[in-house]
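J.: Input structure: model_12.cif, which contains mmCIF, C-alpha atoms.
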```cif
data_query
#
loop_
_atom_site.label_atom_id
_atom_site.label_comp_id
_atom_site.auth_asym_id
_atom_site.auth_seq_id
_atom_site.Cartn_x
_atom_site.Cartn_y
_atom_site.Cartn_z
CA MET A 1 -11.51 -46.02 26.30
CA THR A 2 -8.91 -44.19 24.15
CA SER A 3 -8.81 -40.41 23.72
CA ASN A 4 -10.17 -40.88 20.19
CA ASP A 5 -13.11 -42.88 21.57
CA GLU A 6 -13.83 -40.11 24.10
CA LYS A 7 -13.59 -37.48 21.36
CA ALA A 8 -15.97 -39.46 19.14
CA HIS A 9 -18.52 -39.95 21.92
CA ALA A 10 -18.47 -36.22 22.67
CA ALA A 11 -18.71 -35.13 19.03
CA TRP A 12 -21.42 -37.43 17.65
CA ALA A 13 -25.10 -37.28 18.54
CA THR A 14 -26.40 -40.08 20.71
CA PRO A 15 -27.99 -42.68 18.42
CA THR A 16 -31.69 -42.14 17.95
CA LYS A 17 -34.25 -43.23 15.41
CA LYS A 18 -36.64 -40.30 15.84
CA MET A 19 -36.17 -36.61 16.44
CA THR A 20 -37.13 -34.74 19.58
CA VAL A 21 -36.93 -31.01 20.21
CA GLY A 22 -35.69 -29.51 23.48
CA ALA A 23 -36.81 -26.23 25.04
CA LEU A 24 -36.87 -23.30 22.66
CA ALA A 25 -36.68 -19.57 23.17
CA GLY A 26 -38.62 -16.97 21.24
CA ASP A 27 -41.39 -17.49 18.74
CA ALA A 28 -40.08 -20.54 16.90
CA VAL A 29 -42.75 -22.74 15.32
CA ASN A 30 -41.89 -26.32 16.20
CA LEU A 31 -43.65 -28.29 13.49
CA ASN A 32 -42.86 -31.37 11.40
CA ILE A 33 -39.92 -32.43 13.56
CA GLU A 34 -41.02 -34.36 16.66
CA GLY A 35 -41.01 -38.09 16.06
CA ARG A 36 -39.70 -37.81 12.52
CA ALA A 37 -37.13 -40.34 11.31
CA LEU A 38 -33.78 -39.01 10.14
CA HIS A 39 -32.90 -38.92 6.45
CA SER A 40 -29.42 -39.23 4.98
CA PRO A 41 -29.02 -38.64 1.21
CA LEU A 42 -29.75 -42.36 0.79
CA GLN A 43 -33.36 -41.90 1.93
CA GLY A 44 -34.13 -39.00 -0.45
CA PHE A 45 -35.73 -38.95 -3.88
CA GLY A 46 -34.01 -36.50 -6.24
CA GLN A 47 -30.61 -36.07 -7.78
CA MET A 48 -27.81 -36.06 -5.23
CA TRP A 49 -25.73 -32.90 -5.21
CA GLN A 50 -22.64 -31.91 -3.32
CA ARG A 51 -22.34 -28.16 -3.08
CA THR A 52 -19.32 -26.52 -1.49
CA TYR A 53 -19.32 -22.85 -0.57
CA ARG A 54 -16.10 -21.19 0.63
CA LEU A 55 -15.02 -17.83 1.92
CA PRO A 56 -11.41 -16.99 2.86
CA LEU A 57 -11.21 -15.05 6.11
CA ALA A 58 -8.19 -12.78 6.16
CA GLY A 59 -6.39 -11.96 9.39
CA SER A 60 -5.34 -14.11 12.28
CA VAL A 61 -8.64 -15.76 13.15
CA THR A 62 -8.26 -19.48 13.87
CA PRO A 63 -10.60 -22.21 12.53
CA GLU A 64 -11.57 -23.03 16.12
CA HIS A 65 -12.58 -19.42 16.81
CA VAL A 66 -14.55 -19.22 13.56
CA VAL A 67 -16.56 -22.36 14.36
CA ALA A 68 -17.15 -21.31 17.99
CA GLU A 69 -18.57 -17.97 16.79
CA TRP A 70 -20.54 -19.71 14.04
CA LYS A 71 -22.25 -21.97 16.58
CA ALA A 72 -22.89 -19.10 18.99
CA HIS A 73 -24.37 -16.76 16.37
CA LEU A 74 -25.86 -19.16 13.82
CA PRO A 75 -29.39 -17.63 13.84
CA GLU A 76 -27.96 -14.13 13.21
CA PHE A 77 -26.21 -15.30 10.06
CA MET A 78 -29.38 -16.72 8.48
CA PRO A 79 -31.51 -14.73 6.02
CA ASP A 80 -35.10 -13.68 6.84
CA ASP A 81 -36.62 -16.43 4.70
CA SER A 82 -34.72 -19.20 6.50
CA ARG A 83 -34.78 -18.62 10.25
CA PHE A 84 -32.86 -21.06 12.46
CA TYR A 85 -33.79 -21.55 16.13
CA PRO A 86 -31.36 -23.71 18.13
CA THR A 87 -32.69 -25.09 21.42
CA LEU A 88 -31.67 -23.39 24.68
CA THR A 89 -28.86 -25.97 24.92
CA GLY A 90 -27.31 -24.52 21.77
CA VAL A 91 -25.66 -26.12 18.76
CA LYS A 92 -24.66 -29.36 20.47
CA PRO A 93 -24.65 -32.97 19.24
CA GLY A 94 -28.10 -34.51 19.46
CA GLU A 95 -29.93 -31.17 19.72
CA ALA A 96 -32.51 -30.04 17.18
CA ILE A 97 -32.52 -26.74 15.35
CA VAL A 98 -36.00 -25.57 14.40
CA ILE A 99 -36.28 -23.98 10.95
CA ASN A 100 -39.05 -21.58 9.93
CA ALA A 101 -38.52 -20.81 6.28
CA SER A 102 -40.27 -20.20 3.01
CA LEU A 103 -39.80 -21.93 -0.31
CA PRO A 104 -40.73 -20.88 -3.82
CA ALA A 105 -43.89 -22.86 -4.68
CA ALA A 106 -44.31 -21.19 -8.06
CA PRO A 107 -42.33 -18.44 -9.81
CA GLY A 108 -42.73 -15.40 -7.57
CA VAL A 109 -44.83 -17.25 -4.95
CA ALA A 110 -43.27 -18.30 -1.63
CA MET A 111 -44.92 -20.74 0.80
CA PRO A 112 -44.02 -21.26 4.47
CA VAL A 113 -42.24 -24.44 5.51
CA ASP A 114 -41.63 -25.29 9.15
CA THR A 115 -39.15 -28.05 9.76
CA GLY A 116 -35.79 -28.58 11.47
CA VAL A 117 -32.52 -30.48 11.57
CA LEU A 118 -30.55 -32.57 14.05
CA VAL A 119 -27.04 -31.55 15.08
CA LEU A 120 -25.41 -34.80 14.08
CA TYR A 121 -21.80 -33.93 14.84
CA SER A 122 -19.92 -31.07 16.45
CA ASP A 123 -16.25 -30.55 17.26
CA ASP A 124 -13.88 -27.59 17.41
CA THR A 125 -13.61 -27.09 13.66
CA GLN A 126 -16.90 -28.29 12.20
CA PHE A 127 -20.51 -29.16 12.87
CA THR A 128 -22.94 -31.11 10.75
CA VAL A 129 -26.71 -31.16 10.66
CA MET A 130 -28.88 -33.99 9.34
CA THR A 131 -32.42 -33.62 8.06
CA PRO A 132 -35.61 -35.34 9.23
CA ALA A 133 -38.31 -36.83 7.01
CA GLY A 134 -40.37 -34.11 5.33
CA HIS A 135 -37.53 -31.58 5.16
CA PRO A 136 -37.05 -30.25 1.60
CA GLU A 137 -33.67 -31.99 1.39
CA SER A 138 -32.50 -35.36 2.65
CA GLY A 139 -28.89 -35.25 3.75
CA PHE A 140 -26.16 -33.41 5.56
CA ASN A 141 -24.88 -29.84 5.81
CA THR A 142 -21.42 -29.38 7.25
CA PHE A 143 -20.21 -26.00 8.48
CA SER A 144 -16.45 -25.93 8.95
CA ALA A 145 -13.31 -23.85 9.03
CA PHE A 146 -9.77 -24.91 8.18
CA GLU A 147 -6.43 -23.42 7.29
CA GLU A 148 -5.15 -23.48 3.72
CA ASP A 149 -1.88 -21.83 2.75
CA GLY A 150 -1.92 -19.81 5.94
CA VAL A 151 -5.46 -18.50 5.42
CA THR A 152 -8.50 -19.63 7.40
CA ILE A 153 -11.31 -20.72 5.09
CA ALA A 154 -14.95 -20.90 6.18
CA GLN A 155 -16.86 -23.59 4.33
CA ILE A 156 -20.39 -24.94 4.02
CA GLN A 157 -20.76 -28.27 2.28
CA SER A 158 -24.11 -29.86 1.58
CA LEU A 159 -24.55 -33.44 0.44
CA ALA A 160 -28.21 -33.96 -0.20
CA ARG A 161 -31.02 -34.78 -2.57
CA ALA A 162 -34.58 -33.46 -2.74
CA THR A 163 -36.71 -35.50 -0.34
CA ASP A 164 -39.69 -36.13 -2.62
CA PRO A 165 -40.94 -35.44 -6.18
CA ILE A 166 -42.65 -32.17 -5.19
CA TYR A 167 -39.45 -30.76 -3.72
CA GLU A 168 -37.47 -32.03 -6.74
CA ILE A 169 -39.75 -30.03 -9.03
CA GLY A 170 -39.41 -27.07 -6.69
CA PHE A 171 -35.63 -27.24 -6.74
CA ARG A 172 -35.37 -27.71 -10.50
CA LEU A 173 -38.17 -25.52 -11.85
CA MET A 174 -39.42 -23.14 -9.17
CA GLY A 175 -36.15 -21.59 -8.09
CA GLY A 176 -35.54 -23.77 -5.02
CA ALA A 177 -31.95 -24.62 -6.00
CA LYS A 178 -31.14 -20.95 -6.59
CA GLN A 179 -32.67 -20.10 -3.23
CA GLN A 180 -30.44 -22.69 -1.50
CA VAL A 181 -27.36 -21.16 -3.12
CA ARG A 182 -28.49 -17.69 -2.08
CA ILE A 183 -29.09 -18.80 1.53
CA TRP A 184 -25.67 -20.38 2.04
CA ARG A 185 -23.85 -17.53 0.30
CA HIS A 186 -25.74 -15.15 2.60
CA VAL A 187 -24.62 -17.13 5.66
CA LEU A 188 -20.96 -17.07 4.61
CA THR A 189 -21.13 -13.38 3.73
CA ARG A 190 -22.63 -12.57 7.15
CA LEU A 191 -20.04 -14.78 8.86
CA GLY A 192 -17.29 -12.94 6.96
CA ALA A 193 -18.76 -9.58 8.00
CA HIS A 194 -18.73 -10.79 11.63
CA PHE A 195 -14.96 -11.09 11.27
CA GLY A 196 -14.64 -7.83 9.33
CA VAL A 197 -14.16 -9.57 5.99
CA SER A 198 -16.04 -8.68 2.84
CA GLY A 199 -15.99 -10.91 -0.19
CA GLU A 200 -18.03 -13.12 -2.43
CA PRO A 201 -18.14 -16.80 -1.43
CA SER A 202 -17.18 -19.29 -4.12
CA ILE A 203 -19.38 -22.25 -4.98
CA GLN A 204 -18.64 -25.64 -6.49
CA SER A 205 -21.52 -27.94 -7.45
CA VAL A 206 -21.08 -31.63 -8.24
CA CYS A 207 -23.92 -33.95 -9.20
CA VAL A 208 -22.97 -37.07 -7.25
CA ASP A 209 -25.91 -39.14 -8.48
CA PRO A 210 -28.07 -37.95 -11.41
CA GLY A 211 -30.63 -40.69 -10.85
CA LEU A 212 -34.00 -40.41 -9.11
CA GLN A 213 -34.94 -42.88 -6.38
CA TRP A 214 -38.53 -43.64 -7.32
CA SER A 215 -38.81 -46.07 -4.41
CA ARG A 216 -38.69 -42.96 -2.18
CA ALA A 217 -41.51 -41.09 -3.93
CA GLY A 218 -43.75 -41.94 -0.98
CA ASN A 219 -41.75 -39.48 1.15
CA VAL A 220 -44.28 -36.95 -0.13
CA TRP A 221 -46.70 -38.04 2.65
CA GLN A 222 -44.49 -36.32 5.21
CA ASN A 223 -43.76 -33.24 3.06
CA ALA A 224 -43.27 -30.39 5.57
CA LEU A 225 -44.28 -27.70 3.07
CA ILE A 226 -47.68 -29.29 2.44
CA ARG A 227 -48.22 -30.00 6.15
CA THR A 228 -47.21 -26.47 7.15
CA VAL A 229 -49.68 -24.97 4.69
CA LEU A 230 -52.49 -27.39 5.59
CA THR A 231 -52.15 -26.83 9.33
CA ALA A 232 -51.73 -23.05 9.09
CA PRO A 233 -55.45 -22.21 9.41
CA ALA A 234 -55.76 -24.31 12.59
CA ARG A 235 -52.72 -22.58 14.11
CA TRP A 236 -54.05 -19.13 13.20
CA PHE A 237 -57.41 -20.07 14.75
CA LYS A 238 -55.70 -21.27 17.96
CA ARG A 239 -53.71 -18.04 18.27
CA SER A 240 -56.70 -15.74 17.76
CA MET B 1 -7.65 -28.41 4.84
CA VAL B 2 -7.09 -30.90 7.65
CA LYS B 3 -3.93 -32.92 7.07
CA SER B 4 -4.62 -36.47 5.94
CA THR B 5 -3.50 -39.19 8.32
CA ILE B 6 -5.17 -42.02 6.47
CA ALA B 7 -3.26 -45.04 5.18
CA LEU B 8 -5.08 -47.40 2.83
CA THR B 9 -4.09 -50.83 1.60
CA VAL B 10 -5.96 -52.65 -1.13
CA ARG B 11 -6.06 -56.46 -1.22
CA LYS B 12 -7.89 -58.83 -3.53
CA ILE B 13 -9.06 -61.84 -1.51
CA ASN B 14 -10.78 -63.70 -4.34
CA ALA B 15 -11.85 -63.15 -7.95
CA GLN B 16 -14.91 -61.16 -6.92
CA THR B 17 -13.91 -59.49 -3.67
CA SER B 18 -11.45 -56.79 -2.67
CA VAL B 19 -10.67 -55.35 0.74
CA ILE B 20 -9.58 -51.81 1.59
CA ASP B 21 -7.78 -51.74 4.94
CA ILE B 22 -8.27 -48.34 6.56
CA LYS B 23 -5.80 -46.95 9.09
CA GLY B 24 -5.83 -43.48 10.65
CA ASP B 25 -8.55 -40.84 10.39
CA VAL B 26 -11.45 -40.78 7.93
CA ASN B 27 -12.19 -37.10 7.34
CA ALA B 28 -12.41 -34.62 4.45
CA ALA B 29 -8.67 -34.92 3.83
CA ALA B 30 -9.10 -38.62 3.03
CA ASP B 31 -11.24 -37.91 -0.05
CA ALA B 32 -8.64 -38.41 -2.80
CA ALA B 33 -6.93 -41.36 -1.08
CA LEU B 34 -10.22 -43.16 -0.57
CA ALA B 35 -11.32 -42.55 -4.17
CA ASP B 36 -7.96 -43.85 -5.47
CA ALA B 37 -8.16 -46.92 -3.24
CA TYR B 38 -11.68 -47.65 -4.43
CA ALA B 39 -10.58 -47.35 -8.07
CA GLN B 40 -7.83 -49.89 -7.35
CA ALA B 41 -10.14 -52.18 -5.42
CA SER B 42 -12.96 -52.23 -7.94
CA GLY B 43 -11.15 -53.75 -10.89
CA GLN B 44 -12.60 -56.12 -13.46
CA GLY B 45 -14.80 -58.89 -12.08
CA ILE B 46 -15.05 -57.40 -8.60
CA ARG B 47 -18.58 -57.66 -7.20
CA THR B 48 -17.91 -56.72 -3.57
CA VAL B 49 -15.59 -54.21 -1.90
CA ILE B 50 -15.09 -54.58 1.85
CA LEU B 51 -14.03 -51.58 3.89
CA ASN B 52 -12.02 -52.89 6.85
CA PHE B 53 -12.23 -50.30 9.62
CA SER B 54 -10.37 -52.30 12.28
CA GLY B 55 -7.34 -49.96 12.06
CA MET B 56 -9.35 -46.74 11.93
CA ASP B 57 -8.57 -44.19 14.64
CA TYR B 58 -11.33 -41.63 14.12
CA MET B 59 -14.10 -40.67 11.72
CA ASN B 60 -15.86 -37.32 11.65
CA SER B 61 -19.04 -36.31 9.81
CA SER B 62 -17.12 -35.50 6.63
CA GLY B 63 -15.96 -39.13 6.66
CA ILE B 64 -19.59 -40.26 6.62
CA GLY B 65 -20.14 -38.01 3.60
CA LEU B 66 -17.21 -39.66 1.83
CA LEU B 67 -18.75 -43.06 2.43
CA VAL B 68 -22.04 -41.89 0.90
CA THR B 69 -20.28 -40.78 -2.29
CA LEU B 70 -18.29 -44.03 -2.34
CA LEU B 71 -21.54 -45.97 -2.01
CA VAL B 72 -23.07 -44.12 -4.98
CA ARG B 73 -19.99 -45.01 -7.01
CA ALA B 74 -20.28 -48.67 -5.99
CA GLN B 75 -23.98 -48.77 -6.88
CA ARG B 76 -23.26 -47.22 -10.27
CA GLN B 77 -20.70 -49.99 -10.90
CA LYS B 78 -23.21 -52.58 -9.64
CA GLN B 79 -20.92 -53.52 -6.77
CA HIS B 80 -21.69 -54.19 -3.12
CA LEU B 81 -20.01 -52.14 -0.42
CA ARG B 82 -19.58 -53.83 2.96
CA ALA B 83 -17.97 -52.80 6.21
CA CYS B 84 -16.18 -54.80 8.88
CA GLY B 85 -14.11 -54.07 11.96
CA LEU B 86 -16.24 -51.14 13.09
CA SER B 87 -16.22 -50.42 16.81
CA GLU B 88 -19.56 -50.52 18.60
CA HIS B 89 -19.69 -46.72 18.59
CA TYR B 90 -19.19 -46.41 14.83
CA GLN B 91 -21.71 -49.19 14.22
CA GLU B 92 -24.16 -46.96 16.08
CA ILE B 93 -23.12 -44.00 13.92
CA PHE B 94 -23.81 -46.09 10.80
CA ASN B 95 -27.27 -46.81 12.25
CA LEU B 96 -27.86 -43.17 13.18
CA THR B 97 -26.91 -41.94 9.70
CA ARG B 98 -28.77 -44.89 8.15
CA LEU B 99 -25.73 -45.95 6.15
CA ASN B 100 -26.32 -49.43 7.56
CA GLU B 101 -29.35 -49.70 5.26
CA ALA B 102 -27.05 -49.70 2.22
CA ILE B 103 -23.65 -50.79 3.54
CA GLY B 104 -23.78 -54.19 5.20
CA ILE B 105 -21.96 -54.30 8.54
CA PHE B 106 -20.09 -57.45 9.52
CA ALA B 107 -17.99 -58.41 12.51
CA ASP B 108 -14.96 -59.38 10.45
CA GLU B 109 -13.61 -59.76 6.96
CA ALA B 110 -14.46 -63.46 6.70
CA ALA B 111 -18.12 -62.83 7.49
CA ALA B 112 -18.27 -59.91 5.05
CA ALA B 113 -16.69 -61.98 2.29
CA VAL B 114 -19.16 -64.88 2.50
CA ALA B 115 -22.34 -62.82 2.98
#
```
As structure tokens, please, write out the structure in this file.
T.:
Amino acid sequence: MTSNDEKAHAAWATPTKKMTVGALAGDAVNLNIEGRALHSPLQGFGQMWQRTYRLPLAGSVTPEHVVAEWKAHLPEFMPDDSRFYPTLTGVKPGEAIVINASLPAAPGVAMPVDTGVLVLYSDDTQFTVMTPAGHPESGFNTFSAFEEDGVTIAQIQSLARATDPIYEIGFRLMGGAKQQVRIWRHVLTRLGAHFGVSGEPSIQSVCVDPGLQWSRAGNVWQNALIRTVLTAPARWFKRS
Amino acid sequence: MVKSTIALTVRKINAQTSVIDIKGDVNAAADAALADAYAQASGQGIRTVILNFSGMDYMNSSGIGLLVTLLVRAQRQKQHLRACGLSEHYQEIFNLTRLNEAIGIFADEAAAAVA
């Protein structure tokens, strides 16, 4: 086995068809993840977008240090309406991250959505998460840092499409797309503050595929937003 | 940005099929080179473009993202994208990321060309 083979085996998640969630700390709600198939952008419904958010980090911080801190403090960088809960193992290939969030269901009305992601890939300078069925988006989010003209840049790049027609409407008409932009800008701003840097992250949006994949409209059956709302009364009853 | 170490060669093996030979690393830095190679490979009359990974050293998750955007481009041009020469590990990564559902995987170039 070459050193590249060893590096690849260490960085990529072990192949799996369905998600499992390891032990969690705290009050994370583990819902709509276990047993779900993974979705790349190819399995989604809506328009495919690539959005790239960047923040230059002044000073002598290295890309490796930025990504190590990012993995270690990921939950602290997330906003209140998109909480991330890595398993006790941490942000490691093959591990799940539970997400307890809320999405705009109508103008001014937010609904809870409990879902998660799989850590698909992780090395010294980037990590990527992949979504399961039912997540609002189907695709990848890559968190990375690299050097450009002597400056370390922190970057989040998403390549995804809305998973089903309900989410597509939510993203286009209910403020879901704006919320996504706000979340990732928040994360970069908090990451910058962690390194003593203030600044406004830049964003570049590219519509990779304007078409809708109607053959994937049936994804709506696993919609995590609907399932979270429908199962909420039972969970409240269990707790009380 | 990570320095690009990719080297791409484009060959036309028949009137309808081109091959892109990939050497080096497939990562974010390979974006422009891969797009240029695809533009060269997908000339008039081409129905199938084969990505030959037998010389590839390493692919990270950004490389998988590049392949997704390449696939969208191929579909828009009504062309098939196929892969050959992938190691067992990267075949598993194609399965994990479900790229195998849209990019046919073949053992070698000959098999990919006749499929």
J.: Counting all atoms listed in the file, which residues in chain B sit no more than 7 Å from chain A? For each one, give the nearest pair of atoms and the distance in Å, sorted by chain then residue number, as a tab-separated table.
T.:
```
residue	atom	partner	partner_atom	distance
B:Met1	CA	A:Phe146	CA	5.3
B:Val2	CA	A:Phe146	CA	6.6
B:Asp57	CA	A:Asn4	CA	6.7
B:Tyr58	CA	A:Asn4	CA	6.2
B:Ser61	CA	A:Tyr121	CA	6.2
B:Thr69	CA	A:Val208	CA	6.8
B:Val72	CA	A:Asp209	CA	6.7
B:Glu92	CA	A:Pro15	CA	6.2
B:Ile93	CA	A:Pro15	CA	6.8
B:Leu96	CA	A:Pro15	CA	5.3
B:Thr97	CA	A:Ser40	CA	6.0
B:Arg98	CA	A:Ser40	CA	6.5
```
J.: Looking at all atoms listed in the file, which of B:Thr5, B:Asn60, B:Thr48, B:Gln16 is the one that sits closest to Arg82 (chain B)?
T.: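 Among the listed residues, B:Thr48 lies closest to Arg82 (chain B).
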J.: Between CA of Leu99 (chain B) and CA of Asp164 (chain A), measure the distance and give it in Å to one decimal.
T.: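 The value is 19.2 Å.
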J.: What do you get, as a PyMOL selection string, if you spell out every residue that the PyMOL selection byres ((chain A and resi 114) around 10) selects here?
T.: chain A and resi 28-33+82-83+98-102+112-113+115-116+134-135+224-229
J.: Please compute the CA of Gly55 (chain B)-CA of Glu109 (chain B) distance, one decimal, in Å.
T.: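 Straight-line distance from CA of Gly55 (chain B) to CA of Glu109 (chain B) works out to 12.7 Å.
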J.: Could you work out how far CA of Thr52 (chain A) lies from CA of Ile50 (chain B), giving the answer in Å with one decimal?
T.: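 That distance, rounded to one decimal, is 28.6 Å.
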J.: On this file, the PyMOL selection byres ((chain B and resi 53) around 7) gives some set of residues; write that set as a ChimeraX atom specification.
T.: /B:21-22,51-52,54-56,84-86
J.: Return the single residue from B:His80, B:Gly65, B:Ala29, B:Thr17 that is closest to Ile46 (chain B), with distances computed using all atoms listed in the file.
T.: B:Thr17
J.: Can you tell me, as a ChimeraX atom specification, what residues are no more than 9 Å from region 179-189 of chain A when counting all atoms listed in the file, ignoring any on the same chain fewer than 6 positions away?
T.: /A:51,53-55,74,76-79,81-82,103-104,154-156,171,197-203
J.: Those residues with C-alpha atoms, as a PDB file, in the frame of the given file please?
T.:
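Saved to out36.pdb:
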```pdb
ATOM      1  CA  ARG A  51     -22.340 -28.160  -3.080  1.00  0.00           C
ATOM      2  CA  TYR A  53     -19.320 -22.850  -0.570  1.00  0.00           C
ATOM      3  CA  ARG A  54     -16.100 -21.190   0.630  1.00  0.00           C
ATOM      4  CA  LEU A  55     -15.020 -17.830   1.920  1.00  0.00           C
ATOM      5  CA  LEU A  74     -25.860 -19.160  13.820  1.00  0.00           C
ATOM      6  CA  GLU A  76     -27.960 -14.130  13.210  1.00  0.00           C
ATOM      7  CA  PHE A  77     -26.210 -15.300  10.060  1.00  0.00           C
ATOM      8  CA  MET A  78     -29.380 -16.720   8.480  1.00  0.00           C
ATOM      9  CA  PRO A  79     -31.510 -14.730   6.020  1.00  0.00           C
ATOM     10  CA  ASP A  81     -36.620 -16.430   4.700  1.00  0.00           C
ATOM     11  CA  SER A  82     -34.720 -19.200   6.500  1.00  0.00           C
ATOM     12  CA  LEU A 103     -39.800 -21.930  -0.310  1.00  0.00           C
ATOM     13  CA  PRO A 104     -40.730 -20.880  -3.820  1.00  0.00           C
ATOM     14  CA  ALA A 154     -14.950 -20.900   6.180  1.00  0.00           C
ATOM     15  CA  GLN A 155     -16.860 -23.590   4.330  1.00  0.00           C
ATOM     16  CA  ILE A 156     -20.390 -24.940   4.020  1.00  0.00           C
ATOM     17  CA  PHE A 171     -35.630 -27.240  -6.740  1.00  0.00           C
ATOM     18  CA  VAL A 197     -14.160  -9.570   5.990  1.00  0.00           C
ATOM     19  CA  SER A 198     -16.040  -8.680   2.840  1.00  0.00           C
ATOM     20  CA  GLY A 199     -15.990 -10.910  -0.190  1.00  0.00           C
ATOM     21  CA  GLU A 200     -18.030 -13.120  -2.430  1.00  0.00           C
ATOM     22  CA  PRO A 201     -18.140 -16.800  -1.430  1.00  0.00           C
ATOM     23  CA  SER A 202     -17.180 -19.290  -4.120  1.00  0.00           C
ATOM     24  CA  ILE A 203     -19.380 -22.250  -4.980  1.00  0.00           C
TER      25      ILE A 203
END
```
J.: Centre and edge lengths, as lines of an AutoDock Vina configuration file, for the axis-aligned box enclosing every listed atom of region 84-102 of chain A with 5 Å of padding on each of the six sides, in Å to one decimal?
T.:
```
center_x = -32.5
center_y = -27.4
center_z = 14.0
size_x = 25.6
size_y = 24.3
size_z = 31.9
```
J.: From the options B:Ala28, B:Ile6, B:Ala41, B:Val19, which residue's atoms come nearest to Ala83 (chain B), counting only C-alpha atoms?
T.: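 When distances to Ala83 (chain B) are compared using only C-alpha atoms, the smallest one comes from B:Val19.
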J.: Looking at only C-alpha atoms, which of A:Val151, A:Ala10, A:Val119, A:Leu88 is the one that sits closest to Val61 (chain A)?
T.: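 Using only C-alpha atoms, Val61 (chain A) sits closest to A:Val151.
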J.: Find the residue from A:Met174, A:Leu191, A:Ala25, A:Leu212 that sits nearest to Ala110 (chain A); use only C-alpha atoms when measuring.
T.: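 When distances to Ala110 (chain A) are compared using only C-alpha atoms, the smallest one comes from A:Met174.
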J.: Can you tell me, as a list in words, what residues are no more than 12 Å from His73 (chain A) when counting only C-alpha atoms, ignoring any on the same chain fewer than 3 positions away?
T.: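 The residues satisfying every condition are Val66, Val67, Ala68, Glu69, Trp70, Glu76, Phe77, Met78, Phe84, Tyr85, Pro86, Gly90, Val91, Val187, Arg190, Leu191 and His194 of chain A.
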J.: What does the PyMOL selection byres ((chain B and resi 42) around 10) select in this file, as a short mmCIF file (atom, residue, chain, number, x, y, z; two decimals) with C-alpha atoms, keeping the file's coordinate frame?
T.:
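So the final result, stored in selection.cif, reads:
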```
data_model
loop_
_atom_site.label_atom_id
_atom_site.label_comp_id
_atom_site.auth_asym_id
_atom_site.auth_seq_id
_atom_site.Cartn_x
_atom_site.Cartn_y
_atom_site.Cartn_z
CA VAL B 10 -5.96 -52.65 -1.13
CA LYS B 12 -7.89 -58.83 -3.53
CA GLN B 16 -14.91 -61.16 -6.92
CA THR B 17 -13.91 -59.49 -3.67
CA SER B 18 -11.45 -56.79 -2.67
CA VAL B 19 -10.67 -55.35 0.74
CA ALA B 37 -8.16 -46.92 -3.24
CA TYR B 38 -11.68 -47.65 -4.43
CA ALA B 39 -10.58 -47.35 -8.07
CA GLN B 40 -7.83 -49.89 -7.35
CA ALA B 41 -10.14 -52.18 -5.42
CA GLY B 43 -11.15 -53.75 -10.89
CA GLN B 44 -12.60 -56.12 -13.46
CA GLY B 45 -14.80 -58.89 -12.08
CA ILE B 46 -15.05 -57.40 -8.60
CA ARG B 47 -18.58 -57.66 -7.20
CA THR B 48 -17.91 -56.72 -3.57
CA VAL B 49 -15.59 -54.21 -1.90
CA ALA B 74 -20.28 -48.67 -5.99
CA GLN B 77 -20.70 -49.99 -10.90
CA GLN B 79 -20.92 -53.52 -6.77
#
```
